[in-house]
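Colleague: Data: my_file33.txt, compact mmCIF, C-alpha atoms.
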# COMPACT_ATOMS: atom_id res chain seq x y z
CA MET A 1 53.25 170.32 -13.44
CA SER A 2 55.99 168.12 -14.73
CA SER A 3 57.16 164.85 -13.24
CA PRO A 4 60.67 164.63 -11.93
CA ALA A 5 63.22 163.09 -14.27
CA PRO A 6 64.24 159.50 -13.46
CA ASN A 7 67.44 159.09 -11.56
CA PHE A 8 69.62 156.66 -13.54
CA LYS A 9 72.53 157.16 -11.26
CA HIS A 10 71.04 154.92 -8.56
CA GLN A 11 73.59 152.49 -7.21
CA ASP A 12 73.09 149.26 -5.25
CA SER A 13 74.33 149.22 -1.73
CA GLN A 14 76.55 146.16 -2.47
CA PRO A 15 78.78 145.26 -5.45
CA TRP A 16 77.60 142.74 -8.10
CA TYR A 17 79.87 139.89 -6.96
CA LYS A 18 78.30 139.91 -3.51
CA ASN A 19 74.77 139.42 -4.84
CA TYR A 20 73.29 135.99 -3.93
CA MET A 21 71.99 135.52 -7.48
CA VAL A 22 75.57 135.52 -8.78
CA VAL A 23 76.52 132.77 -6.32
CA ILE A 24 73.50 130.63 -7.30
CA PHE A 25 73.40 131.03 -11.09
CA VAL A 26 76.94 131.92 -12.13
CA ILE A 27 78.87 129.66 -9.74
CA GLY A 28 76.43 127.20 -8.15
CA MET A 29 74.57 125.84 -11.19
CA PRO A 30 77.66 125.13 -13.33
CA ALA A 31 79.40 123.56 -10.33
CA PHE A 32 76.35 121.33 -9.73
CA VAL A 33 76.29 120.25 -13.40
CA VAL A 34 80.01 119.38 -13.37
CA ILE A 35 79.65 117.34 -10.16
CA ALA A 36 76.54 115.55 -11.53
CA CYS A 37 78.37 114.68 -14.78
CA ILE A 38 81.34 113.25 -12.89
CA TRP A 39 79.00 111.16 -10.74
CA PHE A 40 77.08 109.83 -13.78
CA VAL A 41 80.32 108.88 -15.56
CA TYR A 42 81.48 107.02 -12.44
CA TYR A 43 78.07 105.34 -11.98
CA SER A 44 77.83 104.24 -15.64
CA TYR A 45 81.31 102.73 -15.37
CA GLN A 46 80.27 100.76 -12.28
CA ILE A 47 77.11 99.29 -13.89
CA ARG A 48 78.51 98.75 -17.39
CA ASP A 49 77.14 95.88 -19.47
CA SER A 50 79.00 92.61 -19.43
CA VAL A 51 80.52 90.98 -22.50
CA VAL A 52 78.29 88.76 -24.65
CA ARG A 53 79.21 85.10 -24.17
CA ASP A 54 78.65 83.36 -27.49
CA ASP A 55 80.30 82.67 -30.85
CA TRP A 56 80.31 86.18 -32.28
CA TYR A 57 83.05 87.30 -34.63
CA MET A 58 83.84 90.69 -36.10
CA ASP A 59 84.65 90.63 -39.79
CA GLY A 60 85.31 94.09 -41.18
CA LYS A 61 82.33 96.12 -40.07
CA THR A 62 79.88 93.21 -39.97
CA LEU A 63 79.07 90.86 -37.12
CA TYR A 64 78.63 87.16 -37.80
CA HIS A 65 77.24 84.55 -35.49
CA ASP A 66 78.83 81.15 -36.00
CA VAL A 67 76.04 78.55 -35.96
CA SER A 68 78.02 75.59 -37.27
CA ARG A 69 78.11 73.99 -33.80
CA ASP A 70 74.33 74.31 -33.46
CA LYS A 71 73.86 72.89 -36.96
CA LEU A 72 75.99 69.85 -36.08
CA THR A 73 73.80 69.24 -33.01
CA TYR A 74 70.76 69.28 -35.30
CA ASP A 75 72.42 67.07 -37.92
CA LEU A 76 73.42 64.47 -35.30
CA ASP A 77 69.97 64.74 -33.63
CA LEU A 78 71.51 65.14 -30.16
CA HIS A 79 69.33 65.64 -27.11
CA GLY A 80 70.11 66.08 -23.46
CA GLN A 81 68.55 66.08 -20.00
CA MET A 82 70.04 68.00 -17.10
CA GLN A 83 68.97 67.48 -13.51
CA PHE A 84 69.78 69.89 -10.69
CA ALA A 85 69.93 68.74 -7.06
CA ASP A 86 69.52 71.09 -4.10
CA ASN A 87 73.06 70.37 -2.90
CA GLY A 88 74.60 71.67 -6.17
CA ASP A 89 75.04 68.34 -7.94
CA ILE A 90 74.30 68.40 -11.67
CA VAL A 91 73.65 65.26 -13.69
CA PHE A 92 73.55 65.48 -17.49
CA TYR A 93 72.40 62.71 -19.84
CA LEU A 94 73.67 62.89 -23.44
CA ASN A 95 71.09 61.18 -25.63
CA TYR A 96 72.02 59.96 -29.10
CA PRO A 97 69.17 59.03 -31.48
CA GLU A 98 67.97 55.41 -31.32
CA GLN A 99 69.13 54.83 -34.90
CA SER A 100 72.71 55.79 -33.95
CA LEU A 101 72.71 53.58 -30.86
CA GLN A 102 71.51 50.55 -32.87
CA SER A 103 73.98 51.02 -35.72
CA GLY A 104 76.88 52.16 -33.54
CA LYS A 105 77.43 55.13 -35.83
CA LEU A 106 76.37 58.76 -35.59
CA LEU A 107 74.29 60.24 -38.39
CA ASN A 108 77.49 61.68 -39.90
CA GLY A 109 79.13 58.22 -40.03
CA GLU A 110 81.43 58.64 -37.01
CA PRO A 111 81.36 55.88 -34.34
CA VAL A 112 79.16 56.49 -31.29
CA THR A 113 81.43 57.50 -28.41
CA TYR A 114 80.86 59.44 -25.23
CA PRO A 115 83.46 62.19 -24.67
CA ASP A 116 85.41 62.07 -21.38
CA THR A 117 84.31 65.64 -20.55
CA LEU A 118 81.76 68.18 -21.70
CA GLU A 119 81.85 71.93 -21.06
CA LEU A 120 78.89 73.46 -19.22
CA SER A 121 78.36 77.21 -19.30
CA ILE A 122 75.64 78.71 -17.09
CA SER A 123 75.29 82.43 -17.91
CA HIS A 124 73.03 84.77 -15.94
CA ALA A 125 70.96 87.03 -18.18
CA THR A 126 72.12 90.29 -16.55
CA ASP A 127 74.79 89.69 -13.89
CA ILE A 128 78.19 88.37 -14.96
CA LYS A 129 79.09 87.66 -11.33
CA LYS A 130 76.51 84.84 -11.31
CA ASP A 131 77.95 83.07 -14.39
CA ARG A 132 79.35 79.58 -13.83
CA ASP A 133 81.59 77.47 -16.08
CA VAL A 134 82.14 73.83 -15.09
CA VAL A 135 83.35 70.59 -16.63
CA LEU A 136 80.91 67.70 -16.81
CA LYS A 137 82.81 64.45 -16.26
CA HIS A 138 81.75 61.19 -17.87
CA GLU A 139 80.66 58.60 -15.31
CA GLU A 140 79.02 55.71 -17.16
CA GLY A 141 76.94 55.20 -20.28
CA ASN A 142 75.46 58.56 -21.24
CA LYS A 143 75.72 60.06 -17.72
CA TYR A 144 77.86 63.09 -16.84
CA SER A 145 78.08 64.95 -13.54
CA ALA A 146 79.51 68.08 -11.95
CA GLN A 147 79.15 70.24 -8.86
CA VAL A 148 78.12 73.89 -9.13
CA ASN A 149 76.53 76.45 -6.83
CA ILE A 150 73.79 78.50 -8.44
CA ASP A 151 72.31 81.61 -6.85
CA PRO A 152 69.11 80.62 -4.98
CA VAL A 153 67.15 83.59 -6.34
CA LYS A 154 65.14 82.45 -9.39
CA ALA A 155 66.43 84.17 -12.52
CA LYS A 156 66.86 83.70 -16.27
CA TYR A 157 69.99 81.77 -17.30
CA TYR A 158 71.46 80.74 -20.64
CA LEU A 159 72.69 77.14 -20.52
CA GLN A 160 75.16 75.65 -22.95
CA VAL A 161 76.63 72.14 -23.05
CA SER A 162 79.40 71.73 -25.59
CA ASN A 163 81.88 69.23 -26.87
CA ASP A 164 85.13 70.76 -28.03
CA GLY A 165 86.51 67.51 -29.42
CA LYS A 166 86.48 66.11 -32.94
CA ASP A 167 82.74 66.68 -33.27
CA ASP A 168 82.48 70.29 -32.13
CA TRP A 169 78.80 70.61 -31.17
CA ARG A 170 76.81 72.48 -28.56
CA MET A 171 73.33 72.33 -27.04
CA GLN A 172 71.65 75.45 -25.74
CA ASP A 173 68.61 76.31 -23.70
CA VAL A 174 67.19 79.20 -21.70
CA ALA A 175 65.72 78.43 -18.29
CA LYS A 176 64.76 80.03 -15.02
CA LEU A 177 67.02 78.54 -12.37
CA PRO A 178 66.98 77.06 -9.84
CA ARG A 179 64.73 74.24 -11.07
CA SER A 180 64.92 70.48 -11.02
CA GLU A 181 65.32 69.64 -14.74
CA VAL A 182 66.15 71.20 -18.11
CA SER A 183 65.77 69.54 -21.53
CA PHE A 184 68.10 70.27 -24.44
CA ASN A 185 66.82 69.80 -27.98
CA PRO A 186 68.36 70.71 -31.37
CA LEU A 187 67.35 74.11 -32.73
CA GLN A 188 64.40 73.64 -35.07
CA VAL A 189 65.38 76.63 -37.19
CA PHE A 190 67.57 74.27 -39.24
CA ALA A 191 64.53 72.13 -40.14
CA GLU A 192 63.26 74.94 -42.36
CA SER A 193 66.41 75.11 -44.50
Re-express the file's structure as C-alpha cells.
Modeller:
Amino acid sequence: MSSPAPNFKHQDSQPWYKNYMVVIFVIGMPAFVVIACIWFVYYSYQIRDSVVRDDWYMDGKTLYHDVSRDKLTYDLDLHGQMQFADNGDIVFYLNYPEQSLQSGKLLNGEPVTYPDTLELSISHATDIKKDRDVVLKHEEGNKYSAQVNIDPVKAKYYLQVSNDGKDDWRMQDVAKLPRSEVSFNPLQVFAES
C-alpha cells in the first residue's frame, strides 16, 4: 500500500499581506526602531554636555591648557579665603605673602596693590544652569565682597577667583557647596619644576 502523494497546491485562506506576522515583523519592528532612534536623538540633544569653562585652546589638532595664570599665582605666593553666608553674601580675602606686605613689593617686583575688582566664577560640575559668575568688589584692605545665590543642594563646584589686570593671575579650588568657607592655595605642581 502506498501513501498518498503530498498536496503542494495547498493555499492559505487569506493572502500574505493580511497575515499578522507581516504586520508585526515587516512593518511594526522597523517602525518601532525608527521612532526609537528619533526619540534617542531628541533626548541626547536635550541632555548634551555643557562647554568646558577653562583656558583651553585648540592649536592645529592638539589641545593646550594655558597654565601661565596658575603659575603666576604660585610665583607670587597668593592665597585666599572665601566665606559664604546663608543670605548669599560672599566675602573674599586676598592674602599676599608676609614678605611682600613688609617690603611693599610683590615677589615679581611690582608694588603691592589690591585690584578694584576680581572675577569670581562658580561652576557646577555637571549642570551649566547652576553656574554663577560675579564680580568681587574691593571694600577695604584685602577684603572683597559680592552677592550670589547658590543652589541649596550640596554639590561639587569649581571655584575660580581671577585678576584680569596687569598681573593676570587666578586661584582655583574644588569644593562641595554650600559650605561656610573655602581656602585657595597656589597649585603645588609648580613646586616640582
Colleague: Mind giving me the straight-line distance from atom CA of A:Arg48 to atom CA of A:Val135 in Å, one decimal?
Modeller: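 Atom-to-atom, atom CA of A:Arg48 and atom CA of A:Val135 are spaced 28.6 Å apart.
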Colleague: Calculate how many Å separate atom CA of A:Lys137 from atom CA of A:Pro115, rounding to one decimal.
Modeller: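 For atom CA of A:Lys137 relative to atom CA of A:Pro115, the distance reads 8.7 Å.
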Colleague: May I ask which of the residues A:Cys37, A:Val67, A:Val182, A:Tyr20 is the closest one to A:Met82, counting only C-alpha atoms?
Modeller: A:Val182
Colleague: Check the smallest atom-to-atom distance from each of A:Asp70, A:Arg179, A:Lys105, A:Gly141 to A:Val153 using only C-alpha atoms, then report the winner.
Modeller: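 So, comparing all the options, the nearest one is A:Arg179.
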Colleague: List every protein, DNA or RNA residue with an atom no more than 12 Å from (75.5, 80.7, -5.1) in the file's coordinates, counting all atoms listed in the file, and format the result as a list of chain:residue names.
Modeller: A:Asp86, A:Asn87, A:Gly88, A:His124, A:Lys129, A:Lys130, A:Asp131, A:Arg132, A:Gln147, A:Val148, A:Asn149, A:Ile150, A:Asp151, A:Pro152, A:Val153, A:Lys154, A:Leu177, A:Pro178
Colleague: Would you mind listing what lies within 10 Å of A:Tyr96 as a PyMOL selection string, with all atoms listed in the file counted and same-chain residues fewer than 4 positions away left out?
Modeller: chain A and resi 76-80+100-101+105-107+112-114+142
Colleague: Tell me, in Å to one decimal, how far atom CA of A:Glu110 is from atom CA of A:Phe92.
Modeller: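 Result for atom CA of A:Glu110 versus atom CA of A:Phe92: 22.1 Å, one decimal.
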Colleague: List as a list in words: which residues have an atom within 10 Å of (80.6, 66.7, -21.0), counting all atoms listed in the file?
Modeller: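 Counting all atoms listed in the file, I find these residues within 10 Å of (80.6, 66.7, -21.0): Phe92, Tyr93, Leu94, Tyr114, Pro115, Asp116, Thr117, Leu118, Glu119, Leu120, Val134, Val135, Leu136, Lys137, His138, Glu139, Asn142, Lys143, Tyr144, Ser145, Ala146, Val161, Ser162, Asn163 and Asp164 of chain A.
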Colleague: Could you please take those selected residues and save C-alpha atoms as a PDB file, in the coordinates of the input?
Modeller:
ATOM      1  CA  PHE A  92      73.550  65.480 -17.490  1.00  0.00           C
ATOM      2  CA  TYR A  93      72.400  62.710 -19.840  1.00  0.00           C
ATOM      3  CA  LEU A  94      73.670  62.890 -23.440  1.00  0.00           C
ATOM      4  CA  TYR A 114      80.860  59.440 -25.230  1.00  0.00           C
ATOM      5  CA  PRO A 115      83.460  62.190 -24.670  1.00  0.00           C
ATOM      6  CA  ASP A 116      85.410  62.070 -21.380  1.00  0.00           C
ATOM      7  CA  THR A 117      84.310  65.640 -20.550  1.00  0.00           C
ATOM      8  CA  LEU A 118      81.760  68.180 -21.700  1.00  0.00           C
ATOM      9  CA  GLU A 119      81.850  71.930 -21.060  1.00  0.00           C
ATOM     10  CA  LEU A 120      78.890  73.460 -19.220  1.00  0.00           C
ATOM     11  CA  VAL A 134      82.140  73.830 -15.090  1.00  0.00           C
ATOM     12  CA  VAL A 135      83.350  70.590 -16.630  1.00  0.00           C
ATOM     13  CA  LEU A 136      80.910  67.700 -16.810  1.00  0.00           C
ATOM     14  CA  LYS A 137      82.810  64.450 -16.260  1.00  0.00           C
ATOM     15  CA  HIS A 138      81.750  61.190 -17.870  1.00  0.00           C
ATOM     16  CA  GLU A 139      80.660  58.600 -15.310  1.00  0.00           C
ATOM     17  CA  ASN A 142      75.460  58.560 -21.240  1.00  0.00           C
ATOM     18  CA  LYS A 143      75.720  60.060 -17.720  1.00  0.00           C
ATOM     19  CA  TYR A 144      77.860  63.090 -16.840  1.00  0.00           C
ATOM     20  CA  SER A 145      78.080  64.950 -13.540  1.00  0.00           C
ATOM     21  CA  ALA A 146      79.510  68.080 -11.950  1.00  0.00           C
ATOM     22  CA  VAL A 161      76.630  72.140 -23.050  1.00  0.00           C
ATOM     23  CA  SER A 162      79.400  71.730 -25.590  1.00  0.00           C
ATOM     24  CA  ASN A 163      81.880  69.230 -26.870  1.00  0.00           C
ATOM     25  CA  ASP A 164      85.130  70.760 -28.030  1.00  0.00           C
TER      26      ASP A 164
END
Colleague: Which residues are close to A:Val174, i.e. within 7 Å by all atoms listed in the file, leaving aside same-chain residues fewer than 6 positions away? Reply as a VMD selection string.
Modeller: chain A and resid 157 to 159
Colleague: Using only C-alpha atoms, which of A:Asp75, A:Asp89, A:Glu140, A:Ser123 sits nearest A:Asp167?
Modeller: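 Looking at the shortest contact to A:Asp167, the residue is A:Asp75.
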